[in-house]
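Visitor: Supplied structure: query-v4.cif, mmCIF, C-alpha atoms.
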data_final
loop_
_atom_site.group_PDB
_atom_site.id
_atom_site.type_symbol
_atom_site.label_atom_id
_atom_site.label_comp_id
_atom_site.auth_asym_id
_atom_site.auth_seq_id
_atom_site.Cartn_x
_atom_site.Cartn_y
_atom_site.Cartn_z
ATOM 1 C CA MET J 1 -113.404 -9.156 -22.222
ATOM 2 C CA THR J 2 -116.632 -10.228 -20.597
ATOM 3 C CA THR J 3 -116.470 -10.624 -16.858
ATOM 4 C CA HIS J 4 -118.967 -12.704 -14.954
ATOM 5 C CA LYS J 5 -119.976 -12.237 -11.356
ATOM 6 C CA ASN J 6 -118.454 -14.903 -9.166
ATOM 7 C CA LEU J 7 -121.447 -16.619 -7.571
ATOM 8 C CA LEU J 8 -119.286 -18.750 -5.264
ATOM 9 C CA GLY J 9 -117.853 -15.773 -3.398
ATOM 10 C CA GLY J 10 -114.249 -16.375 -4.456
ATOM 11 C CA PRO J 11 -111.778 -13.680 -5.381
ATOM 12 C CA GLU J 12 -112.310 -11.528 -8.435
ATOM 13 C CA PRO J 13 -110.078 -12.184 -11.452
ATOM 14 C CA THR J 14 -106.698 -10.473 -11.289
ATOM 15 C CA LEU J 15 -105.829 -8.362 -14.319
ATOM 16 C CA LEU J 16 -102.212 -7.303 -14.648
ATOM 17 C CA PRO J 17 -101.445 -3.835 -15.998
ATOM 18 C CA GLU J 18 -100.542 -3.507 -19.669
ATOM 19 C CA ASN J 19 -97.103 -2.361 -20.815
ATOM 20 C CA GLU J 20 -97.761 -1.023 -24.308
ATOM 21 C CA GLU J 21 -94.161 0.081 -24.836
ATOM 22 C CA ALA J 22 -92.800 -3.398 -24.084
ATOM 23 C CA TYR J 23 -95.362 -5.002 -26.441
ATOM 24 C CA ARG J 24 -94.412 -2.518 -29.146
ATOM 25 C CA LEU J 25 -90.693 -3.198 -28.757
ATOM 26 C CA LEU J 26 -91.202 -6.950 -28.825
ATOM 27 C CA SER J 27 -93.597 -7.062 -31.772
ATOM 28 C CA GLU J 28 -93.438 -3.948 -33.960
ATOM 29 C CA GLU J 29 -89.776 -3.106 -33.391
ATOM 30 C CA SER J 30 -88.774 -6.790 -33.335
ATOM 31 C CA LEU J 31 -86.338 -6.037 -30.553
ATOM 32 C CA PRO J 32 -84.767 -9.270 -29.270
ATOM 33 C CA PRO J 33 -86.630 -10.547 -26.193
ATOM 34 C CA ALA J 34 -83.427 -10.348 -24.100
ATOM 35 C CA GLU J 35 -83.241 -6.607 -24.791
ATOM 36 C CA VAL J 36 -86.915 -6.161 -23.906
ATOM 37 C CA ALA J 37 -86.402 -8.142 -20.675
ATOM 38 C CA ALA J 38 -83.372 -5.987 -19.841
ATOM 39 C CA LYS J 39 -85.309 -2.773 -20.468
ATOM 40 C CA TYR J 40 -88.515 -4.010 -18.783
ATOM 41 C CA PRO J 41 -87.529 -6.808 -16.357
ATOM 42 C CA THR J 42 -91.062 -6.996 -14.933
ATOM 43 C CA PHE J 43 -92.516 -7.798 -18.390
ATOM 44 C CA SER J 44 -93.091 -11.561 -18.082
ATOM 45 C CA LEU J 45 -93.893 -12.022 -21.758
ATOM 46 C CA ALA J 46 -90.273 -11.297 -22.711
ATOM 47 C CA TRP J 47 -89.120 -13.963 -20.228
ATOM 48 C CA ALA J 48 -91.701 -16.395 -21.629
ATOM 49 C CA VAL J 49 -90.410 -15.879 -25.175
ATOM 50 C CA LEU J 50 -86.832 -16.396 -23.952
ATOM 51 C CA ALA J 51 -87.891 -19.593 -22.136
ATOM 52 C CA ASP J 52 -89.705 -20.949 -25.188
ATOM 53 C CA ASP J 53 -86.827 -20.118 -27.541
ATOM 54 C CA ALA J 54 -84.292 -21.759 -25.221
ATOM 55 C CA PHE J 55 -86.426 -24.890 -24.832
ATOM 56 C CA GLU J 56 -86.944 -25.189 -28.575
ATOM 57 C CA GLY J 57 -83.170 -24.854 -28.967
ATOM 58 C CA GLY J 58 -82.541 -27.739 -26.562
ATOM 59 C CA ARG J 59 -81.261 -25.466 -23.781
ATOM 60 C CA VAL J 60 -83.536 -26.771 -21.028
ATOM 61 C CA ILE J 61 -81.659 -25.337 -18.032
ATOM 62 C CA GLU J 62 -81.615 -21.919 -19.681
ATOM 63 C CA SER J 63 -85.339 -22.271 -20.391
ATOM 64 C CA TYR J 64 -85.937 -23.210 -16.759
ATOM 65 C CA ALA J 65 -84.031 -20.125 -15.561
ATOM 66 C CA TYR J 66 -85.870 -17.753 -17.899
ATOM 67 C CA ALA J 67 -89.249 -19.258 -16.987
ATOM 68 C CA ARG J 68 -88.510 -19.060 -13.265
ATOM 69 C CA THR J 69 -87.489 -15.398 -13.586
ATOM 70 C CA GLY J 70 -90.634 -14.484 -15.519
ATOM 71 C CA TYR J 71 -92.769 -16.486 -13.114
ATOM 72 C CA HIS J 72 -91.403 -14.680 -10.065
ATOM 73 C CA ARG J 73 -91.654 -11.271 -11.729
ATOM 74 C CA GLY J 74 -95.248 -12.166 -12.607
ATOM 75 C CA LEU J 75 -96.029 -13.210 -9.032
ATOM 76 C CA ASP J 76 -94.724 -9.836 -7.847
ATOM 77 C CA ALA J 77 -96.954 -8.068 -10.383
ATOM 78 C CA LEU J 78 -99.977 -10.169 -9.390
ATOM 79 C CA ARG J 79 -99.489 -9.271 -5.728
ATOM 80 C CA ARG J 80 -99.168 -5.574 -6.598
ATOM 81 C CA SER J 81 -102.457 -5.945 -8.485
ATOM 82 C CA GLY J 82 -104.274 -7.274 -5.423
ATOM 83 C CA TRP J 83 -103.906 -11.031 -5.914
ATOM 84 C CA LYS J 84 -103.940 -12.847 -2.551
ATOM 85 C CA GLY J 85 -102.321 -16.124 -3.561
ATOM 86 C CA HIS J 86 -105.282 -17.699 -5.312
ATOM 87 C CA GLY J 87 -108.055 -16.903 -7.717
ATOM 88 C CA PRO J 88 -108.470 -16.521 -11.446
ATOM 89 C CA VAL J 89 -105.793 -14.988 -13.664
ATOM 90 C CA PRO J 90 -107.693 -14.890 -16.985
ATOM 91 C CA TRP J 91 -105.882 -15.940 -20.160
ATOM 92 C CA GLU J 92 -108.197 -13.611 -22.096
ATOM 93 C CA HIS J 93 -106.485 -10.585 -20.547
ATOM 94 C CA ARG J 94 -103.395 -9.964 -22.696
ATOM 95 C CA ALA J 95 -101.214 -8.715 -19.843
ATOM 96 C CA ASN J 96 -101.754 -11.981 -17.909
ATOM 97 C CA ARG J 97 -100.435 -14.130 -20.739
ATOM 98 C CA GLY J 98 -96.739 -13.564 -20.040
ATOM 99 C CA PHE J 99 -97.081 -14.833 -16.483
ATOM 100 C CA LEU J 100 -99.226 -17.792 -17.550
ATOM 101 C CA ARG J 101 -96.792 -18.692 -20.332
ATOM 102 C CA CYS J 102 -93.897 -18.565 -17.851
ATOM 103 C CA LEU J 103 -95.800 -20.855 -15.513
ATOM 104 C CA ALA J 104 -96.371 -23.349 -18.353
ATOM 105 C CA ALA J 105 -92.736 -23.068 -19.463
ATOM 106 C CA LEU J 106 -91.576 -23.688 -15.907
ATOM 107 C CA ALA J 107 -93.776 -26.798 -15.696
ATOM 108 C CA ARG J 108 -92.392 -28.053 -19.003
ATOM 109 C CA ALA J 109 -88.727 -27.446 -18.127
ATOM 110 C CA ALA J 110 -89.145 -28.843 -14.607
ATOM 111 C CA ALA J 111 -90.634 -32.031 -16.045
ATOM 112 C CA ASP J 112 -87.762 -32.277 -18.515
ATOM 113 C CA ILE J 113 -85.148 -32.172 -15.733
ATOM 114 C CA SER J 114 -87.146 -34.613 -13.557
ATOM 115 C CA GLU J 115 -88.324 -32.019 -11.026
ATOM 116 C CA THR J 116 -91.593 -33.927 -10.904
ATOM 117 C CA ASP J 117 -93.084 -32.236 -7.832
ATOM 118 C CA GLU J 118 -92.400 -28.756 -9.192
ATOM 119 C CA ALA J 119 -93.753 -29.658 -12.616
ATOM 120 C CA GLU J 120 -96.967 -30.936 -11.035
ATOM 121 C CA ARG J 121 -97.332 -27.862 -8.786
ATOM 122 C CA CYS J 122 -96.865 -25.556 -11.762
ATOM 123 C CA ARG J 123 -99.391 -27.464 -13.890
ATOM 124 C CA ASP J 124 -101.916 -27.379 -11.027
ATOM 125 C CA PHE J 125 -101.280 -23.673 -10.430
ATOM 126 C CA LEU J 126 -101.779 -22.975 -14.147
ATOM 127 C CA LYS J 127 -105.019 -24.969 -14.274
ATOM 128 C CA ASP J 128 -106.323 -23.278 -11.106
ATOM 129 C CA SER J 129 -105.410 -19.828 -12.459
ATOM 130 C CA SER J 130 -106.850 -20.270 -15.937
ATOM 131 C CA ALA J 131 -108.390 -23.396 -17.434
ATOM 132 C CA GLU J 132 -108.169 -21.694 -20.833
ATOM 133 C CA ALA J 133 -104.412 -21.111 -20.471
ATOM 134 C CA TYR J 134 -103.946 -24.703 -19.331
ATOM 135 C CA GLU J 135 -105.773 -26.007 -22.407
ATOM 136 C CA GLU J 136 -103.857 -23.679 -24.720
ATOM 137 C CA LEU J 137 -100.383 -24.145 -23.266
ATOM 138 C CA MET J 138 -100.241 -27.713 -21.967
ATOM 139 C CA ARG J 139 -101.127 -29.547 -25.187
#
Translate this structure into structure tokens?
Guide:
Amino acid sequence: MTTHKNLLGGPEPTLLPENEEAYRLLSEESLPPAEVAAKYPTFSLAWAVLADDAFEGGRVIESYAYARTGYHRGLDALRRSGWKGHGPVPWEHRANRGFLRCLAALARAAADISETDEAERCRDFLKDSSAEAYEELMR
């Protein structure tokens, strides 16, 4: 990934740590995402997959709950990585994608249950964190 110097003096991009074992279990081992989330509850990508699967299956409240869990676990990870409540969370960094996907899933589910303010906050947060993730996930 190419990083550019921030000429405006804002915070540096936050890059979450990788969890190679969790990626391996989810992809190569094809372990169900619920088992990966149970084994690695801080791995937001597993929560994002659960949220997407539930939404696609018409289980919006379940999707909302999974997305909210992954979102909060991701916020905890961002803070541990030095994030101060704002600044870029690049989509290009693989480990950030679980959090960003949870944020998009939360926006989607919130909109579906008429939580309009929360849906808007989540969309704005996603766009402020990563314009690339917003474009990719909010189509």
Visitor: Rounded to one decimal in Å, what is the spacing between CA of Val49 (chain J) and CA of Asp117 (chain J)?
Guide: 24.0 Å
Visitor: On this structure, the PyMOL selection byres ((chain J and resi 119-123) around 8) would catch which residues? List them as a list in words, sorted by chain and number.
Guide: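 Expected selection for the PyMOL selection byres ((chain J and resi 119-123) around 8) here is Leu103, Ala104, Leu106, Ala107, Arg108, Ala109, Ala110, Ala111, Glu115, Thr116, Asp117, Glu118, Asp124, Phe125, Leu126, Lys127 and Tyr134 of chain J.
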Visitor: Mind checking which residues fall within 10 Å of Trp47 (chain J), counting only C-alpha atoms, ignoring those fewer than 3 positions away in the same chain, and posting them as a PyMOL selection string?
Guide: chain J and resi 33-34+36-38+41-44+50-53+63+65-71+73-74+98-99+101-102+105
Visitor: I need the residue nearest Glu92 (chain J) from this list: J:Ser130, J:Ser30, J:Tyr40, J:Tyr23. Use only C-alpha atoms for the distance.
Guide: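 Looking at the shortest contact to Glu92 (chain J), the residue is J:Ser130.
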Visitor: For a test of reading the model, state the distance in Å between CA of Arg80 (chain J) and CA of Gly10 (chain J), rounded to one decimal.
Guide: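 That distance, rounded to one decimal, is 18.7 Å.
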Visitor: Put the listed atoms of region 90-104 of chain J in a box along x, y and z with 5 Å added on every side and give me the centre and edge lengths in Å to one decimal, as JSON.
Guide:
{"center_x": -101.0, "center_y": -16.0, "center_z": -19.1, "size_x": 24.3, "size_y": 24.6, "size_z": 17.2}
Visitor: Figure out the distance between CA of Ala95 (chain J) and CA of Glu18 (chain J), please, to one decimal in Å.
Guide: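 Here the two named atoms are 5.3 Å from each other.
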Visitor: Applying 7 Å and all atoms listed in the file, which residues near Trp91 (chain J) remain after dropping the ones on its own chain fewer than 6 positions away? List them as a list in words.
Guide: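 Residues near the query, excluding close chain neighbours: Arg97, Ser130, Glu132 and Ala133 of chain J.
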